[in-house]
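J.: Contents of upload_3.txt (compact mmCIF, C-alpha atoms) are below:
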```txt
# COMPACT_ATOMS: atom_id res chain seq x y z
CA MET A 1 99.29 -23.40 94.26
CA GLN A 2 100.43 -26.32 96.40
CA GLU A 3 103.69 -26.57 98.29
CA THR A 4 105.90 -29.28 96.92
CA PRO A 5 105.71 -32.29 99.21
CA GLU A 6 108.79 -32.89 101.32
CA GLY A 7 110.80 -36.05 101.46
CA VAL A 8 110.08 -37.42 98.02
CA ALA A 9 113.30 -39.17 97.14
CA GLU A 10 112.35 -40.55 93.75
CA GLY A 11 111.73 -38.14 90.89
CA ARG A 12 108.58 -38.47 88.85
CA PRO A 13 108.94 -40.33 85.58
CA ARG A 14 110.05 -37.87 82.90
CA ALA A 15 107.15 -38.88 80.66
CA ALA A 16 104.59 -37.91 83.32
CA VAL A 17 106.18 -34.48 83.82
CA VAL A 18 106.36 -33.87 80.08
CA ARG A 19 102.74 -34.94 79.63
CA ASP A 20 101.51 -32.48 82.30
CA ALA A 21 103.65 -29.70 80.88
CA LEU A 22 102.50 -30.30 77.31
CA GLY A 23 98.85 -30.37 78.40
CA VAL A 24 99.09 -26.95 80.00
CA GLY A 25 101.37 -25.50 77.35
CA VAL A 26 99.20 -26.55 74.41
CA ALA A 27 95.83 -25.57 75.95
CA VAL A 28 96.95 -22.11 77.02
CA GLY A 29 99.29 -21.59 74.06
CA LEU A 30 96.40 -22.01 71.64
CA SER A 31 94.52 -19.15 73.29
CA GLY A 32 97.08 -16.82 71.72
CA PHE A 33 94.64 -16.99 68.83
CA ALA A 34 92.04 -15.18 70.94
CA PHE A 35 94.66 -12.57 71.81
CA GLY A 36 95.62 -12.02 68.17
CA VAL A 37 91.99 -11.57 67.16
CA THR A 38 91.25 -9.33 70.15
CA ALA A 39 94.29 -7.16 69.39
CA ALA A 40 93.28 -6.79 65.75
CA GLY A 41 89.72 -5.97 66.80
CA ALA A 42 91.13 -3.28 69.11
CA GLY A 43 92.95 -1.63 66.20
CA ILE A 44 96.39 -3.00 67.08
CA SER A 45 98.49 -3.91 64.02
CA THR A 46 99.67 -7.48 63.39
CA LEU A 47 103.26 -6.42 64.05
CA GLN A 48 102.30 -4.79 67.35
CA ALA A 49 100.30 -7.85 68.45
CA CYS A 50 103.27 -10.11 67.64
CA VAL A 51 105.75 -7.85 69.44
CA LEU A 52 103.51 -7.98 72.52
CA SER A 53 103.37 -11.78 72.50
CA LEU A 54 107.10 -12.11 71.81
CA LEU A 55 108.34 -9.57 74.35
CA VAL A 56 105.64 -9.21 77.02
CA PHE A 57 104.53 -12.85 77.10
CA THR A 58 102.14 -12.64 80.03
CA GLY A 59 98.61 -13.03 78.76
CA ALA A 60 96.59 -11.06 81.28
CA SER A 61 98.83 -8.01 80.86
CA GLN A 62 98.56 -8.25 77.08
CA PHE A 63 94.76 -8.49 77.11
CA ALA A 64 94.58 -5.63 79.62
CA LEU A 65 96.83 -3.38 77.54
CA VAL A 66 94.90 -4.03 74.34
CA GLY A 67 91.57 -3.56 76.11
CA ALA A 68 92.68 -0.27 77.64
CA LEU A 69 93.99 1.04 74.31
CA ALA A 70 90.77 0.01 72.57
CA ALA A 71 88.78 1.90 75.20
CA GLY A 72 90.82 5.01 74.40
CA GLY A 73 93.13 4.94 77.41
CA ASN A 74 96.36 6.95 77.22
CA PRO A 75 99.59 4.91 76.90
CA PHE A 76 100.65 5.49 80.50
CA THR A 77 97.47 4.35 82.26
CA ALA A 78 97.15 1.46 79.79
CA ALA A 79 100.72 0.32 80.49
CA ALA A 80 100.28 0.86 84.24
CA GLY A 81 97.35 -1.57 84.34
CA ALA A 82 99.34 -4.14 82.38
CA PHE A 83 102.35 -3.61 84.66
CA PHE A 84 100.39 -4.07 87.91
CA LEU A 85 98.92 -7.30 86.54
CA GLY A 86 102.47 -8.43 85.78
CA THR A 87 103.72 -7.83 89.33
CA ARG A 88 102.47 -11.24 90.42
CA ASN A 89 105.19 -12.73 88.20
CA ALA A 90 107.83 -11.26 90.55
CA PHE A 91 106.44 -13.38 93.35
CA TYR A 92 106.36 -16.45 91.13
CA GLY A 93 110.02 -15.75 90.37
CA LEU A 94 110.86 -15.68 94.07
CA ARG A 95 109.35 -19.12 94.58
CA LEU A 96 110.93 -20.47 91.40
CA SER A 97 114.44 -19.17 92.10
CA GLN A 98 114.53 -21.24 95.30
CA LEU A 99 112.95 -24.26 93.63
CA LEU A 100 114.87 -24.33 90.34
CA LYS A 101 118.23 -22.94 91.58
CA LEU A 102 119.03 -21.74 88.08
CA PRO A 103 122.63 -20.77 87.21
CA ARG A 104 122.99 -16.96 87.12
CA PRO A 105 123.64 -16.67 83.36
CA VAL A 106 120.42 -18.58 82.60
CA ARG A 107 118.20 -16.39 84.78
CA PRO A 108 117.68 -13.44 82.40
CA LEU A 109 116.47 -15.92 79.77
CA ALA A 110 114.37 -18.03 82.13
CA ALA A 111 112.79 -14.86 83.56
CA HIS A 112 110.87 -14.31 80.34
CA TRP A 113 109.02 -17.59 80.91
CA VAL A 114 108.04 -16.87 84.52
CA ILE A 115 104.22 -16.80 84.21
CA ASP A 116 101.16 -18.38 85.85
CA GLU A 117 101.30 -21.63 83.93
CA THR A 118 105.04 -22.42 84.10
CA THR A 119 104.98 -21.65 87.83
CA ALA A 120 101.95 -23.85 88.40
CA VAL A 121 103.56 -26.81 86.62
CA ALA A 122 106.98 -26.34 88.25
CA LEU A 123 105.56 -26.02 91.77
CA ALA A 124 103.45 -29.14 91.29
CA GLN A 125 106.59 -31.29 90.87
CA PRO A 126 108.09 -33.22 93.80
CA ASP A 127 111.79 -32.54 93.11
CA ARG A 128 114.13 -30.06 91.44
CA LYS A 129 114.83 -32.15 88.34
CA SER A 130 111.15 -32.63 87.55
CA ALA A 131 110.46 -28.97 88.33
CA ARG A 132 113.16 -27.83 85.91
CA LEU A 133 111.84 -30.19 83.23
CA GLY A 134 108.23 -29.10 83.79
CA PHE A 135 109.18 -25.42 83.70
CA THR A 136 111.20 -25.80 80.50
CA VAL A 137 108.69 -27.90 78.58
CA THR A 138 105.73 -25.73 79.61
CA GLY A 139 107.67 -22.56 78.80
CA LEU A 140 108.86 -23.79 75.43
CA THR A 141 105.49 -25.15 74.25
CA LEU A 142 103.52 -22.21 75.52
CA TYR A 143 105.93 -19.62 74.09
CA ALA A 144 106.03 -21.28 70.66
CA LEU A 145 102.27 -21.79 70.39
CA TRP A 146 101.28 -18.46 71.97
CA ASN A 147 103.36 -16.56 69.42
CA LEU A 148 102.29 -18.69 66.47
CA THR A 149 98.59 -18.43 67.30
CA THR A 150 98.88 -14.68 68.02
CA LEU A 151 100.14 -14.23 64.46
CA LEU A 152 97.41 -16.47 63.02
CA GLY A 153 94.73 -14.70 65.08
CA ALA A 154 95.89 -11.24 64.08
CA LEU A 155 96.08 -12.21 60.39
CA GLY A 156 92.83 -14.16 60.58
CA ALA A 157 90.87 -11.37 62.20
CA GLU A 158 90.51 -9.67 58.84
CA ALA A 159 89.34 -12.86 57.15
CA ILE A 160 86.89 -13.51 59.97
CA GLY A 161 85.33 -10.11 59.34
CA ASP A 162 83.24 -8.69 62.19
CA THR A 163 84.92 -10.19 65.27
CA ARG A 164 81.94 -9.09 67.37
CA ALA A 165 79.54 -11.20 65.33
CA TRP A 166 81.74 -14.20 66.15
CA GLY A 167 81.64 -13.38 69.85
CA LEU A 168 85.41 -12.95 70.00
CA ASP A 169 85.12 -9.80 72.12
CA ALA A 170 84.03 -12.14 74.95
CA ALA A 171 87.38 -14.00 74.85
CA GLY A 172 89.27 -11.34 76.84
CA PRO A 173 86.90 -11.21 79.82
CA ALA A 174 86.60 -15.02 79.77
CA VAL A 175 90.41 -15.30 80.04
CA PHE A 176 90.40 -12.86 82.98
CA LEU A 177 87.61 -14.82 84.68
CA ALA A 178 89.46 -18.12 84.19
CA LEU A 179 92.59 -16.62 85.78
CA LEU A 180 90.58 -15.01 88.58
CA ALA A 181 88.40 -17.97 89.61
CA PRO A 182 91.12 -20.09 91.30
CA MET A 183 92.28 -17.02 93.27
CA LEU A 184 88.91 -16.56 95.01
CA LYS A 185 89.66 -18.97 97.84
CA THR A 186 88.90 -16.98 100.98
CA SER A 187 86.44 -14.26 102.01
CA THR A 188 89.29 -11.71 101.76
CA GLU A 189 89.86 -12.46 98.09
CA ARG A 190 86.15 -12.41 97.37
CA ALA A 191 85.76 -9.08 99.18
CA VAL A 192 88.63 -7.61 97.14
CA ALA A 193 87.07 -8.87 93.90
CA ALA A 194 83.63 -7.51 94.80
CA LEU A 195 84.96 -4.08 95.80
CA ALA A 196 87.17 -3.91 92.69
CA LEU A 197 84.18 -4.76 90.51
CA VAL A 198 82.10 -1.97 92.06
CA LEU A 199 84.95 0.56 91.80
CA GLY A 200 85.85 -0.47 88.24
CA LEU A 201 82.28 -0.15 86.96
CA GLY A 202 81.31 2.78 89.19
CA PHE A 203 84.10 5.08 88.01
CA LEU A 204 83.99 3.95 84.38
CA PRO A 205 81.44 6.52 83.13
CA VAL A 206 83.05 9.47 84.94
CA LEU A 207 86.84 9.03 84.66
CA PRO A 208 89.16 8.77 81.64
CA ALA A 209 89.73 5.26 80.22
CA GLY A 210 92.29 3.23 82.16
CA VAL A 211 91.98 5.21 85.38
CA PRO A 212 89.00 3.32 86.89
CA VAL A 213 90.91 0.04 86.77
CA LEU A 214 93.81 1.61 88.68
CA ILE A 215 91.35 2.90 91.28
CA ALA A 216 89.87 -0.60 91.45
CA ALA A 217 93.37 -1.89 92.32
CA LEU A 218 93.03 0.07 95.59
CA ALA A 219 90.48 -2.56 96.66
CA ALA A 220 93.45 -4.75 97.68
CA PRO A 221 95.01 -2.37 100.27
CA VAL A 222 91.57 -1.14 101.42
CA VAL A 223 90.33 -4.65 102.23
CA LEU A 224 93.64 -5.54 103.93
CA TRP A 225 93.42 -2.36 106.01
CA MET A 226 89.81 -3.06 107.04
CA LYS A 227 90.71 -6.63 107.98
CA GLY A 228 93.62 -5.33 110.04
CA ARG A 229 91.31 -3.03 111.97
CA ARG A 230 88.83 -5.77 112.79
CA PRO A 231 89.47 -7.22 116.25
CA MET B 1 102.82 6.10 68.08
CA THR B 2 100.73 6.10 71.24
CA VAL B 3 100.35 2.36 70.89
CA TRP B 4 104.12 1.85 70.51
CA ILE B 5 104.79 3.92 73.65
CA ALA B 6 102.32 1.76 75.59
CA ILE B 7 103.90 -1.41 74.16
CA GLY B 8 107.42 -0.25 75.02
CA LEU B 9 106.51 0.61 78.61
CA THR B 10 104.68 -2.69 79.04
CA VAL B 11 107.57 -4.73 77.59
CA VAL B 12 110.12 -3.11 79.91
CA GLY B 13 107.88 -3.13 82.97
CA CYS B 14 106.66 -6.70 82.64
CA TYR B 15 110.14 -8.10 81.97
CA ALA B 16 111.62 -6.12 84.87
CA VAL B 17 109.19 -7.60 87.40
CA LYS B 18 109.76 -11.13 86.08
CA LEU B 19 113.54 -10.74 86.34
CA ALA B 20 113.31 -9.05 89.74
CA GLY B 21 111.62 -12.11 91.18
CA LEU B 22 114.43 -14.39 90.07
CA LEU B 23 117.27 -12.02 91.06
CA VAL B 24 116.05 -10.39 94.26
CA PRO B 25 117.34 -12.18 97.34
CA ALA B 26 114.52 -14.02 99.08
CA GLY B 27 113.40 -11.96 102.03
CA ALA B 28 113.25 -8.62 100.27
CA LEU B 29 109.79 -9.40 98.94
CA GLU B 30 108.99 -11.88 101.67
CA ARG B 31 107.48 -9.43 104.16
CA PRO B 32 103.99 -10.76 104.96
CA LEU B 33 102.23 -7.49 104.08
CA VAL B 34 103.99 -7.22 100.72
CA ARG B 35 103.15 -10.84 99.93
CA ARG B 36 99.49 -10.38 100.88
CA LEU B 37 99.22 -7.26 98.78
CA ALA B 38 100.91 -8.88 95.80
CA ALA B 39 98.51 -11.81 95.97
CA LEU B 40 95.47 -9.53 96.22
CA LEU B 41 96.44 -6.98 93.57
CA PRO B 42 95.84 -9.37 90.63
CA VAL B 43 92.49 -10.34 92.18
CA ALA B 44 91.38 -6.70 92.20
CA LEU B 45 92.66 -6.00 88.69
CA LEU B 46 91.24 -9.15 87.13
CA ALA B 47 87.84 -8.58 88.74
CA ALA B 48 87.71 -4.97 87.55
CA LEU B 49 88.89 -5.86 84.03
CA THR B 50 86.45 -8.77 83.71
CA ALA B 51 83.57 -6.51 84.73
CA GLN B 52 84.65 -3.60 82.53
CA GLN B 53 85.24 -5.63 79.41
CA THR B 54 81.93 -7.42 79.85
CA PHE B 55 79.67 -4.53 80.81
CA SER B 56 81.00 -1.51 78.97
CA THR B 57 81.38 0.02 75.54
CA GLY B 58 83.76 2.95 75.68
CA SER B 59 82.71 4.81 78.82
CA ALA B 60 79.09 3.62 78.80
CA LEU B 61 77.83 0.76 80.95
CA VAL B 62 75.90 -1.75 78.87
CA VAL B 63 74.49 -5.25 79.25
CA ASP B 64 74.68 -7.17 75.99
CA ALA B 65 75.47 -10.63 74.62
CA ARG B 66 78.87 -10.63 76.36
CA ALA B 67 77.09 -10.99 79.72
CA ALA B 68 75.56 -14.28 78.55
CA GLY B 69 78.98 -15.36 77.25
CA LEU B 70 80.63 -14.61 80.58
CA ALA B 71 77.89 -16.50 82.42
CA ALA B 72 78.64 -19.49 80.20
CA ALA B 73 82.35 -19.17 81.03
CA GLY B 74 81.48 -19.04 84.73
CA LEU B 75 79.39 -22.20 84.40
CA ALA B 76 82.23 -23.94 82.54
CA LEU B 77 84.61 -22.96 85.36
CA LEU B 78 82.22 -24.38 87.98
CA LEU B 79 82.19 -27.63 85.99
CA ARG B 80 86.02 -27.56 86.07
CA ALA B 81 86.31 -27.33 82.30
CA PRO B 82 89.78 -26.82 80.81
CA PHE B 83 90.99 -23.29 80.02
CA LEU B 84 90.27 -23.46 76.29
CA VAL B 85 86.74 -24.78 76.84
CA VAL B 86 86.01 -21.87 79.21
CA VAL B 87 87.09 -19.32 76.62
CA ALA B 88 85.31 -21.19 73.81
CA ALA B 89 82.07 -21.31 75.82
CA ALA B 90 82.12 -17.54 76.24
CA VAL B 91 82.80 -16.95 72.55
CA VAL B 92 80.21 -19.43 71.25
CA VAL B 93 77.42 -18.28 73.58
CA THR B 94 78.12 -14.59 72.84
CA ALA B 95 78.02 -15.28 69.10
CA GLY B 96 74.87 -17.37 69.51
CA VAL B 97 73.02 -14.69 71.46
CA ARG B 98 74.01 -12.07 68.85
CA ALA B 99 72.91 -14.34 66.01
CA LEU B 100 69.52 -14.63 67.73
CA GLY B 101 69.36 -10.85 67.80
CA GLY B 102 70.31 -10.35 71.46
```
With the file now loaded, output its structure as structure tokens.
T.:
Amino acid sequence: MQETPEGVAEGRPRAAVVRDALGVGVAVGLSGFAFGVTAAGAGISTLQACVLSLLVFTGASQFALVGALAAGGNPFTAAAGAFFLGTRNAFYGLRLSQLLKLPRPVRPLAAHWVIDETTAVALAQPDRKSARLGFTVTGLTLYALWNLTTLLGALGAEAIGDTRAWGLDAAGPAVFLALLAPMLKTSTERAVAALALVLGLGFLPVLPAGVPVLIAALAAPVVLWMKGRRP
Amino acid sequence: MTVWIAIGLTVVGCYAVKLAGLLVPAGALERPLVRRLAALLPVALLAALTAQQTFSTGSALVVDARAAGLAAAGLALLLRAPFLVVVAAAVVVTAGVRALGG
């Protein structure tokens, strides 16, 4: 994510901001369909899938929760994985609260829309007005489409029949990979990813579902600690 | 019931961290170590989840059509394809490999 450039006096044209925001909102919002289908394939009811999209509204956490439940994880480890994935949103919120300077009463509402995509669009804007517009339009489009397509996906999963035959079980990992790829900028990030991959797969056959992914999360402090020790 | 417990915990937890970011005074989460860790935690989780959901069925490690699908998604990412195209590539290639009996 780029810092907003300093010293830009003129705001961007509203149309340009709205166009960017709509592009991101529509593309990602439509992938709620993949979530709906994945949830149904994992044995989650349509109501439960819709509640997740309405009230959790952070895709990676939703996919992780559904994946963990499908793998037979207990509710606490499944929710813990989803929660840890959601912690990055707290740091987005920190950046956004300085950038958007939202009035206090609006914050509890705006908080629900603090996710990867709204943050990316807001931070890409040169001034507060454009950032607020970008955040709102991205949030609104993505929220509306994500929930609509979750419902359609969950309902459609039955009509589709065997979701595996349609390759839809590959949607979840592909979403994770698409979110992960831009984060792999330095050797530290790549080392964390590699260690997490080894830990996640290595412990999978021997520990209860959901636990290996929490152990894999330890790759982050371990790599930081090893880097700190290096002269 | 198990599923509803997991959903309830996730709803509360995920909303709490979103709100915390907007309400917490800057500085509280601004310590360099906390920031580094918060940036690296999603990397670790996403890498582990990608690997697990591609190469496992239950608690068994397997290599099947999903591996080809993920490779296609990786290629699409290298070609800077949009988000939806990346996901679609994985789905289509996985379905294709299965249709061919892979």
J.: Do me a favour and pick out the residues of chain A within 7 Å of chain B, using all atoms listed in the file, as a VMD selection string.
T.: chain A and resid 27 to 28 31 52 55 to 56 71 75 to 76 78 to 79 82 to 83 85 to 94 97 107 to 108 111 to 112 114 165 to 168 170 to 171 173 to 178 180 183 189 192 to 193 196 to 197 200 to 201 204 to 205 213 216 to 217 219 to 221
J.: How many Å separate atom CA of A:Gln48 from atom CA of A:Leu151?
T.: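 Separation of atom CA of A:Gln48 and atom CA of A:Leu151: 10.1 Å.
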J.: Please write as a PyMOL selection string the list of polymer residues whose atoms come within 12 Å of (82.9, -6.8, 63.8), counting only C-alpha atoms and keeping to the coordinates of the file.
T.: (chain A and resi 37-38+40-43+157-169) or (chain B and resi 95+98)
J.: Just to confirm, what's the straight-line distance from atom CA of A:Gly139 to atom CA of A:Thr118 in Å (one decimal)?
T.: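 Pair atom CA of A:Gly139 / atom CA of A:Thr118 returns 5.9 Å.
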J.: What's the separation between atom CA of A:Gly73 and atom CA of A:Ala181, in Å to one decimal place?
T.: 26.4 Å
J.: Edge lengths and centre in Å to one decimal, as JSON, of the axis-aligned box that encloses all listed atoms of stretch 78-90 of chain B with 8 Å added on every side?
T.:
```
{"center_x": 86.5, "center_y": -22.6, "center_z": 80.9, "size_x": 24.9, "size_y": 26.1, "size_z": 30.2}
```
J.: Which neighbours of A:Leu142 fall inside 7 Å, counting all atoms listed in the file, when residues of the same chain fewer than 3 positions from it are skipped, and could you give them as a list of chain:residue names?
T.: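 Here the answer would be A:Gly25, A:Val26, A:Val28, A:Gly29, A:Thr138, A:Gly139, A:Leu145, A:Trp146.
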J.: Could you take the residues named above and write them with C-alpha atoms, as a PDB file, keeping the file's coordinate frame?
T.:
```pdb
ATOM      1  CA  GLY A  25     101.370 -25.500  77.350  1.00  0.00           C
ATOM      2  CA  VAL A  26      99.200 -26.550  74.410  1.00  0.00           C
ATOM      3  CA  VAL A  28      96.950 -22.110  77.020  1.00  0.00           C
ATOM      4  CA  GLY A  29      99.290 -21.590  74.060  1.00  0.00           C
ATOM      5  CA  THR A 138     105.730 -25.730  79.610  1.00  0.00           C
ATOM      6  CA  GLY A 139     107.670 -22.560  78.800  1.00  0.00           C
ATOM      7  CA  LEU A 145     102.270 -21.790  70.390  1.00  0.00           C
ATOM      8  CA  TRP A 146     101.280 -18.460  71.970  1.00  0.00           C
TER       9      TRP A 146
END
```
J.: Using all atoms listed in the file, can you tell me which of A:Leu224, A:Leu184, A:Leu133, A:Ile115 comes closest to A:Gly59?
T.: A:Ile115
J.: Between A:Leu100, A:Gly81, A:Ser53, A:Pro105, which residue has the minimum interatomic distance to A:Arg128, considering only C-alpha atoms?
T.: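 Smallest separation from A:Arg128 among the options: A:Leu100.
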